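Source file: work_14.csv; contents: CSV, C-alpha atoms and all ligand atoms.
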chain,number,residue,atom,x,y,z
V,1,MET,CA,29.5,1.1,0.9
V,2,THR,CA,26.2,2.5,2.2
V,3,THR,CA,25.0,1.6,5.6
V,4,ILE,CA,21.3,1.4,5.9
V,5,ALA,CA,19.3,1.3,9.2
V,6,VAL,CA,15.6,0.4,9.3
V,7,LEU,CA,13.9,2.2,12.2
V,8,GLY,CA,10.9,-0.1,13.2
V,9,ALA,CA,11.5,-3.6,11.8
V,10,GLY,CA,7.9,-4.7,11.6
V,11,LYS,CA,6.2,-6.2,8.5
V,12,ILE,CA,7.4,-3.7,5.9
V,13,GLY,CA,10.8,-3.0,7.7
V,14,GLU,CA,11.6,-6.7,7.8
V,15,ALA,CA,10.5,-7.2,4.1
V,16,LEU,CA,12.9,-4.4,3.1
V,17,LEU,CA,15.8,-5.8,5.1
V,18,SER,CA,15.2,-9.3,3.6
V,19,GLY,CA,15.0,-7.9,0.1
V,20,LEU,CA,18.2,-5.9,0.6
V,21,LEU,CA,20.0,-9.0,1.8
V,22,GLN,CA,18.7,-11.0,-1.2
V,23,ALA,CA,19.9,-8.2,-3.5
V,24,GLY,CA,23.5,-8.8,-2.1
V,25,ARG,CA,23.8,-6.1,0.5
V,26,ALA,CA,26.4,-7.1,3.2
V,27,PRO,CA,24.7,-8.0,6.5
V,28,ASP,CA,27.2,-5.8,8.4
V,29,ARG,CA,26.0,-2.8,6.4
V,30,LEU,CA,22.4,-3.3,7.6
V,31,LEU,CA,21.0,-2.2,11.0
V,32,PHE,CA,17.6,-2.1,12.5
V,33,THR,CA,15.8,-0.8,15.7
V,34,GLU,CA,13.0,-2.6,17.4
V,35,ARG,CA,11.1,-2.0,20.7
V,36,HIS,CA,10.9,-5.7,21.7
V,37,PRO,CA,14.1,-7.5,22.6
V,38,GLU,CA,12.7,-10.9,21.6
V,39,ARG,CA,11.8,-9.7,18.2
V,40,SER,CA,15.2,-8.0,17.9
V,41,ALA,CA,17.0,-11.3,18.8
V,42,GLU,CA,14.8,-13.2,16.3
V,43,LEU,CA,15.6,-10.8,13.4
V,44,SER,CA,19.3,-11.0,14.2
V,45,ARG,CA,19.2,-14.8,14.3
V,46,ARG,CA,17.2,-15.0,11.0
V,47,TYR,CA,19.2,-12.5,9.0
V,48,GLY,CA,22.6,-12.1,10.7
V,49,ILE,CA,22.1,-8.3,11.1
V,50,ARG,CA,22.4,-6.1,14.1
V,51,GLY,CA,19.7,-4.6,16.2
V,52,THR,CA,20.5,-1.3,17.9
V,53,ASP,CA,19.1,1.9,19.3
V,54,VAL,CA,18.0,5.0,17.4
V,55,ALA,CA,21.0,7.1,18.4
V,56,THR,CA,23.5,4.4,17.3
V,57,ALA,CA,21.6,3.8,14.1
V,58,ALA,CA,21.6,7.6,13.3
V,59,ALA,CA,25.4,7.8,14.1
V,60,GLU,CA,26.4,4.8,12.0
V,61,ALA,CA,24.0,4.8,9.0
V,62,ASP,CA,24.1,6.8,5.8
V,63,VAL,CA,20.4,6.1,5.2
V,64,LEU,CA,17.7,5.9,7.9
V,65,VAL,CA,14.5,4.2,6.7
V,66,VAL,CA,11.6,5.1,9.0
V,67,ALA,CA,9.1,2.2,9.0
V,68,VAL,CA,7.1,2.7,12.2
V,69,LYS,CA,3.3,3.2,12.0
V,70,PRO,CA,2.3,6.9,11.4
V,71,GLN,CA,0.8,7.1,14.9
V,72,ASP,CA,4.2,6.2,16.4
V,73,ILE,CA,6.2,8.9,14.5
V,74,GLU,CA,6.2,11.6,17.1
V,75,PRO,CA,8.3,9.8,19.8
V,76,LEU,CA,10.6,8.5,17.1
V,77,LEU,CA,11.2,12.0,15.7
V,78,THR,CA,11.9,13.3,19.2
V,79,GLU,CA,14.6,10.6,19.6
V,80,LEU,CA,16.0,11.1,16.0
V,81,ALA,CA,16.2,15.0,15.9
V,82,PRO,CA,19.3,15.4,18.2
V,83,ALA,CA,21.0,12.3,16.7
V,84,VAL,CA,20.7,12.7,12.9
V,85,GLY,CA,23.4,14.6,11.0
V,86,PRO,CA,22.8,16.8,7.9
V,87,GLY,CA,24.5,14.3,5.6
V,88,THR,CA,22.1,11.4,6.5
V,89,LEU,CA,19.3,10.6,4.1
V,90,VAL,CA,16.0,10.0,5.8
V,91,VAL,CA,13.5,7.8,3.9
V,92,SER,CA,10.0,7.6,5.2
V,93,LEU,CA,7.7,4.6,4.4
V,94,CYS,CA,5.0,6.0,6.6
V,95,ALA,CA,1.6,6.4,4.9
V,96,GLY,CA,0.3,9.9,4.7
V,97,LEU,CA,3.2,11.7,6.5
V,98,PRO,CA,4.5,14.6,4.4
V,99,THR,CA,8.2,15.2,4.0
V,100,ALA,CA,7.6,18.7,5.5
V,101,LEU,CA,6.8,17.0,8.9
V,102,PHE,CA,10.3,15.4,8.9
V,103,GLU,CA,11.9,18.6,7.7
V,104,ARG,CA,10.3,20.6,10.4
V,105,ARG,CA,11.4,18.2,13.2
V,106,LEU,CA,14.9,17.3,12.0
V,107,PRO,CA,17.9,19.5,11.6
V,108,GLU,CA,17.9,22.0,8.8
V,109,GLY,CA,19.1,20.6,5.5
V,110,VAL,CA,18.5,16.9,6.2
V,111,PRO,CA,17.3,15.3,2.9
V,112,VAL,CA,14.0,13.4,3.1
V,113,VAL,CA,12.5,11.0,0.6
V,114,ARG,CA,8.9,9.9,1.0
V,115,VAL,CA,7.9,6.4,-0.2
V,116,MET,CA,4.5,4.8,-0.6
V,117,PRO,CA,5.2,1.0,-0.8
V,118,ASN,CA,2.7,-1.8,-0.6
V,119,THR,CA,2.6,-5.2,1.1
V,120,PRO,CA,3.7,-7.4,-1.8
V,121,MET,CA,7.1,-6.1,-0.7
V,122,VAL,CA,7.2,-9.3,1.5
V,123,VAL,CA,7.4,-11.4,-1.7
V,124,GLY,CA,9.7,-8.9,-3.5
V,125,GLU,CA,6.9,-7.6,-5.7
V,126,ALA,CA,6.2,-4.2,-4.1
V,127,MET,CA,5.0,-1.2,-6.0
V,128,SER,CA,6.7,1.8,-4.5
V,129,ALA,CA,6.2,5.5,-5.4
V,130,ILE,CA,8.9,7.9,-4.3
V,131,SER,CA,9.0,11.7,-3.9
V,132,GLY,CA,11.8,13.9,-2.7
V,133,GLY,CA,11.4,16.6,-0.1
V,134,ARG,CA,12.9,20.2,-0.2
V,135,HIS,CA,16.5,19.1,0.4
V,136,ALA,CA,16.5,15.8,-1.5
V,137,GLY,CA,18.6,15.9,-4.7
V,138,PRO,CA,18.5,13.5,-7.7
V,139,GLU,CA,21.3,11.5,-6.1
V,140,HIS,CA,19.1,10.8,-3.1
V,141,LEU,CA,16.1,9.7,-5.3
V,142,THR,CA,18.5,7.5,-7.4
V,143,LEU,CA,19.7,5.8,-4.2
V,144,VAL,CA,16.2,5.3,-2.9
V,145,ALA,CA,15.0,3.9,-6.2
V,146,GLU,CA,17.9,1.4,-6.1
V,147,LEU,CA,17.1,0.3,-2.6
V,148,LEU,CA,13.4,-0.1,-3.2
V,149,GLY,CA,14.2,-1.7,-6.6
V,150,SER,CA,15.5,-4.8,-4.7
V,151,VAL,CA,12.0,-5.5,-3.4
V,152,GLY,CA,9.9,-4.6,-6.4
V,153,LYS,CA,9.1,-1.8,-8.9
V,154,VAL,CA,9.7,1.9,-8.3
V,155,VAL,CA,8.1,5.0,-9.9
V,156,ARG,CA,8.8,8.7,-9.1
V,157,VAL,CA,5.8,11.0,-8.5
V,158,PRO,CA,5.4,14.5,-7.3
V,159,GLU,CA,4.6,14.5,-3.6
V,160,SER,CA,1.2,16.1,-4.4
V,161,GLN,CA,0.2,12.8,-6.0
V,162,GLN,CA,1.1,10.6,-3.0
V,163,ASP,CA,-2.5,10.5,-1.7
V,164,ALA,CA,-3.7,9.3,-5.1
V,165,VAL,CA,-0.9,6.7,-5.1
V,166,THR,CA,-1.9,5.6,-1.6
V,167,ALA,CA,-5.4,5.0,-2.8
V,168,LEU,CA,-4.3,3.2,-6.0
V,169,SER,CA,-1.3,1.0,-5.2
V,170,GLY,CA,-0.9,1.4,-1.4
V,171,SER,CA,-4.4,0.0,-0.8
V,172,GLY,CA,-4.5,-1.7,-4.2
V,173,PRO,CA,-3.6,-5.2,-3.0
V,174,ALA,CA,-6.6,-5.1,-0.7
V,175,TYR,CA,-9.0,-4.5,-3.6
V,176,PHE,CA,-7.5,-7.6,-5.4
V,177,PHE,CA,-7.8,-9.7,-2.2
V,178,TYR,CA,-11.5,-8.5,-2.0
V,179,LEU,CA,-12.2,-9.5,-5.6
V,180,VAL,CA,-10.6,-12.9,-5.1
V,181,GLU,CA,-12.6,-13.5,-1.9
V,182,ALA,CA,-15.8,-12.6,-3.8
V,183,MET,CA,-15.0,-14.8,-6.7
V,184,ILE,CA,-14.3,-17.8,-4.4
V,185,ASP,CA,-17.7,-17.1,-2.9
V,186,ALA,CA,-19.2,-17.3,-6.4
V,187,GLY,CA,-17.5,-20.7,-6.8
V,188,ILE,CA,-19.2,-21.9,-3.5
V,189,LEU,CA,-22.5,-20.6,-4.9
V,190,LEU,CA,-22.0,-22.8,-8.0
V,191,GLY,CA,-21.3,-25.9,-5.9
V,192,ILE,CA,-17.5,-26.0,-6.2
V,193,PRO,CA,-15.6,-27.1,-3.1
V,194,ARG,CA,-13.9,-24.2,-1.3
V,195,ALA,CA,-10.4,-25.6,-1.8
V,196,VAL,CA,-10.9,-26.1,-5.5
V,197,ALA,CA,-12.5,-22.7,-6.0
V,198,THR,CA,-9.6,-21.1,-4.2
V,199,ASP,CA,-7.1,-22.8,-6.4
V,200,LEU,CA,-9.1,-21.9,-9.6
V,201,ILE,CA,-9.3,-18.3,-8.7
V,202,ILE,CA,-5.8,-17.7,-7.3
V,203,GLN,CA,-4.1,-19.3,-10.3
V,204,SER,CA,-6.4,-17.3,-12.6
V,205,ALA,CA,-5.4,-14.1,-10.7
V,206,VAL,CA,-1.7,-15.0,-11.0
V,207,GLY,CA,-2.0,-15.9,-14.7
V,208,ALA,CA,-3.9,-12.7,-15.5
V,209,ALA,CA,-1.5,-10.5,-13.5
V,210,THR,CA,1.5,-12.1,-15.3
V,211,MET,CA,-0.1,-11.5,-18.7
V,212,LEU,CA,-0.9,-7.9,-17.8
V,213,ARG,CA,2.7,-7.3,-16.7
V,214,ASP,CA,4.6,-9.3,-19.3
V,215,SER,CA,2.5,-9.1,-22.6
V,216,GLY,CA,2.6,-5.3,-22.8
V,217,GLU,CA,-1.0,-5.5,-24.0
V,218,HIS,CA,-3.7,-3.1,-22.7
V,219,PRO,CA,-6.2,-4.7,-20.3
V,220,VAL,CA,-9.1,-4.1,-22.7
V,221,THR,CA,-7.3,-6.1,-25.5
V,222,LEU,CA,-6.6,-9.0,-23.1
V,223,ARG,CA,-10.3,-9.0,-21.9
V,224,GLU,CA,-11.7,-8.7,-25.5
V,225,ALA,CA,-9.6,-11.7,-26.4
V,226,VAL,CA,-11.6,-13.9,-24.0
V,227,THR,CA,-14.9,-12.3,-24.7
V,228,SER,CA,-16.5,-14.1,-27.6
V,229,PRO,CA,-19.8,-13.1,-29.3
V,230,ALA,CA,-22.8,-14.4,-27.3
V,231,GLY,CA,-20.3,-16.3,-25.1
V,232,THR,CA,-20.1,-16.8,-21.3
V,233,THR,CA,-17.7,-13.9,-20.5
V,234,ILE,CA,-19.9,-11.2,-22.1
V,235,MET,CA,-22.9,-12.5,-20.0
V,236,ALA,CA,-20.8,-11.9,-16.9
V,237,VAL,CA,-19.5,-8.5,-18.1
V,238,ARG,CA,-23.1,-7.4,-18.7
V,239,GLU,CA,-23.9,-8.1,-15.0
V,240,LEU,CA,-20.7,-6.3,-13.8
V,241,GLU,CA,-21.8,-3.3,-15.8
V,242,ARG,CA,-25.4,-3.5,-14.7
V,243,HIS,CA,-24.2,-3.5,-11.0
V,244,GLY,CA,-22.0,-0.5,-11.6
V,245,VAL,CA,-18.8,-2.3,-10.6
V,246,ARG,CA,-16.6,0.2,-12.7
V,247,ALA,CA,-18.3,3.2,-11.1
V,248,ALA,CA,-18.0,1.5,-7.6
V,249,LEU,CA,-14.2,1.2,-8.2
V,250,LEU,CA,-13.8,4.8,-9.2
V,251,ALA,CA,-15.8,6.0,-6.2
V,252,ALA,CA,-13.9,3.6,-3.8
V,253,ILE,CA,-10.5,4.8,-4.9
V,254,GLU,CA,-11.6,8.4,-4.8
V,255,ALA,CA,-12.8,7.8,-1.2
V,256,ALA,CA,-9.4,6.2,-0.3
V,257,ARG,CA,-7.6,9.2,-1.7
V,258,ASP,CA,-9.8,11.6,0.3
V,259,ARG,CA,-9.1,9.7,3.5
V,260,SER,CA,-5.3,9.8,2.8
V,261,GLU,CA,-5.5,13.6,2.4
V,262,GLU,CA,-7.5,13.8,5.6
V,263,LEU,CA,-4.9,11.8,7.6
V,264,GLY,CA,-2.1,14.0,6.1
V,265,ARG,CA,-3.9,17.2,7.3
V,266,GLU,CA,-4.1,15.8,10.8
V,267,HIS,CA,-0.2,15.6,10.8
V,268,GLU,CA,0.1,19.1,9.3
V,269,ARG,CA,-1.6,20.4,12.4
V,270,ASP,CA,1.1,18.8,14.7
V,301,LIG,N1,1.7,-2.8,5.7
V,301,LIG,C1,1.3,-2.1,4.6
V,301,LIG,O1,0.4,-2.4,3.9
V,301,LIG,C2,1.9,-0.7,4.3
V,301,LIG,C3,1.8,-0.2,3.0
V,301,LIG,C4,2.4,1.0,2.8
V,301,LIG,C5,3.1,1.7,3.8
V,301,LIG,N2,3.1,1.1,5.0
V,301,LIG,C6,3.8,1.9,6.1
V,301,LIG,O2,4.9,1.2,6.6
V,301,LIG,C7,5.0,1.5,8.0
V,301,LIG,C8,5.2,0.2,8.7
V,301,LIG,O3,4.0,-0.6,8.6
V,301,LIG,P1,4.0,-2.1,9.1
V,301,LIG,O4,2.7,-2.7,8.5
V,301,LIG,O5,5.3,-2.7,8.8
V,301,LIG,O6,3.8,-1.8,10.7
V,301,LIG,P2,4.3,-2.8,11.9
V,301,LIG,O7,4.3,-4.2,11.5
V,301,LIG,O8,3.5,-2.3,13.1
V,301,LIG,O9,5.8,-2.3,12.1
V,301,LIG,C9,6.2,-1.2,12.8
V,301,LIG,C10,7.3,-1.6,13.8
V,301,LIG,O10,7.9,-0.5,14.3
V,301,LIG,C11,8.1,-0.7,15.7
V,301,LIG,N3,8.3,0.6,16.4
V,301,LIG,C12,7.4,1.5,16.7
V,301,LIG,N4,7.9,2.6,17.2
V,301,LIG,C13,9.3,2.3,17.3
V,301,LIG,C14,10.4,3.0,17.8
V,301,LIG,N5,10.3,4.3,18.3
V,301,LIG,N6,11.6,2.5,17.7
V,301,LIG,C15,11.7,1.2,17.2
V,301,LIG,N7,10.7,0.5,16.7
V,301,LIG,C16,9.5,1.0,16.8
V,301,LIG,C17,6.8,-1.4,16.1
V,301,LIG,O11,6.9,-2.0,17.3
V,301,LIG,P3,5.5,-2.4,18.1
V,301,LIG,O12,5.2,-3.8,17.7
V,301,LIG,O13,5.9,-2.3,19.6
V,301,LIG,O14,4.5,-1.4,17.8
V,301,LIG,C18,6.7,-2.4,14.9
V,301,LIG,O15,7.5,-3.6,15.1
V,301,LIG,C19,3.8,2.3,8.3
V,301,LIG,O16,4.1,3.7,8.5
V,301,LIG,C20,2.9,2.2,7.2
V,301,LIG,O17,2.1,3.3,7.0
V,301,LIG,C21,2.6,-0.1,5.3

With the file now loaded, output its structure as structure tokens.
Amino acid sequence: MTTIAVLGAGKIGEALLSGLLQAGRAPDRLLFTERHPERSAELSRRYGIRGTDVATAAAEADVLVVAVKPQDIEPLLTELAPAVGPGTLVVSLCAGLPTALFERRLPEGVPVVRVMPNTPMVVGEAMSAISGGRHAGPEHLTLVAELLGSVGKVVRVPESQQDAVTALSGSGPAYFFYLVEAMIDAGILLGIPRAVATDLIIQSAVGAATMLRDSGEHPVTLREAVTSPAGTTIMAVRELERHGVRAALLAAIEAARDRSEELGREHERD
């Protein structure tokens, strides 16, 4: 039985713990660390799992999942370095932090797997991309894929693609929230009450997402199926094209990728 410790049980850390429990992991095989005693007590009450300190987590767990904000990584690595053994798998959920940073700071040979998850993890619908560092073998990637598989879907990518993944699926939910927000505004413009517009758009988003996922059809095929000659949809599509929405998305995602690369370079200098 694998013991897993989540270091930094914030939004993503808690979502992972909750998913692991729902997937049938025994509560006594899950640990977490937290800076605030009230939050720690609350998590223990809610999930029946144990809060502890970093040294104990490192001594007891087979897998350490690092889920602190990237800017909090340095003090955590300082605490972790003397405590972690070479047989412990370290999994980083920290956006933009290269596996090389962990490898430099932790004892030689510690396997590190980098994960880019996204916030739908809180509803068990995460998209996580995983990459192994220098000392991570196939067995480590398989274990991480299994763990993350309990809170959503998992793909393996070379670490060189993690900045692009960050821009696509890491930030991806925000683009959909933005689109939904704009469409609700359009409903208001057309005189629909906000609550009704919100229901109309959210259910359309859920329905469209489910069709995209479950039908196996290409998005173009699905869109063409609701775009009749001289109909309403094509009038809207013409406006989207006229306003360069497709080009805006390409440029936006490229800008997010560039920012992720820039943040990674800041840590390479550490
Ligand atoms: N949320 C997202 O959309 C998303 C998506 C992809 C990846 N991620 C990554 O997931 C990680 C966590 O993000 P989050 O949104 O869950 O952040 P969060 O809610 O701030 O969670 C981080 C938690 O770690 C705690 N912490 C910080 N340093 C600690 C230490 N030394 N020991 C124990 N606990 C410590 C923080 O406590 P305090 O409250 O005291 O700071 C906080 O509770 C980040 O690295 C982020 O890049 C997040």

Original post:
atom CA of V:Val123 and atom CA of V:Gly19, how far apart in Å?
Top reply: 8.6 Å

Subject >> Computed interatomic separation between atom CA of V:Phe176 and atom CA of V:Gly244 (Å) >> reply: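 These atoms are spaced 17.3 Å apart.
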
**OP:** Check which residues fall inside 7 Å of ligand LIG 301 (chain V) when counting only C-alpha atoms and all ligand atoms, and print them as number ranges by chain.
**Re:** V: 7-13, 33-36, 54, 67-70, 72, 75-76, 93-95, 116-119, 170

Original post:
Which is closest to V:Leu106 among V:Ile49, V:Ala81, V:Val220, V:Ala136, if we use only C-alpha atoms?
Top reply: V:Ala81

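Using only C-alpha atoms, the smallest distance between any of V:Ser92, V:Ser40, V:Thr52, V:Thr227 and V:Val65 comes from V:Ser92.
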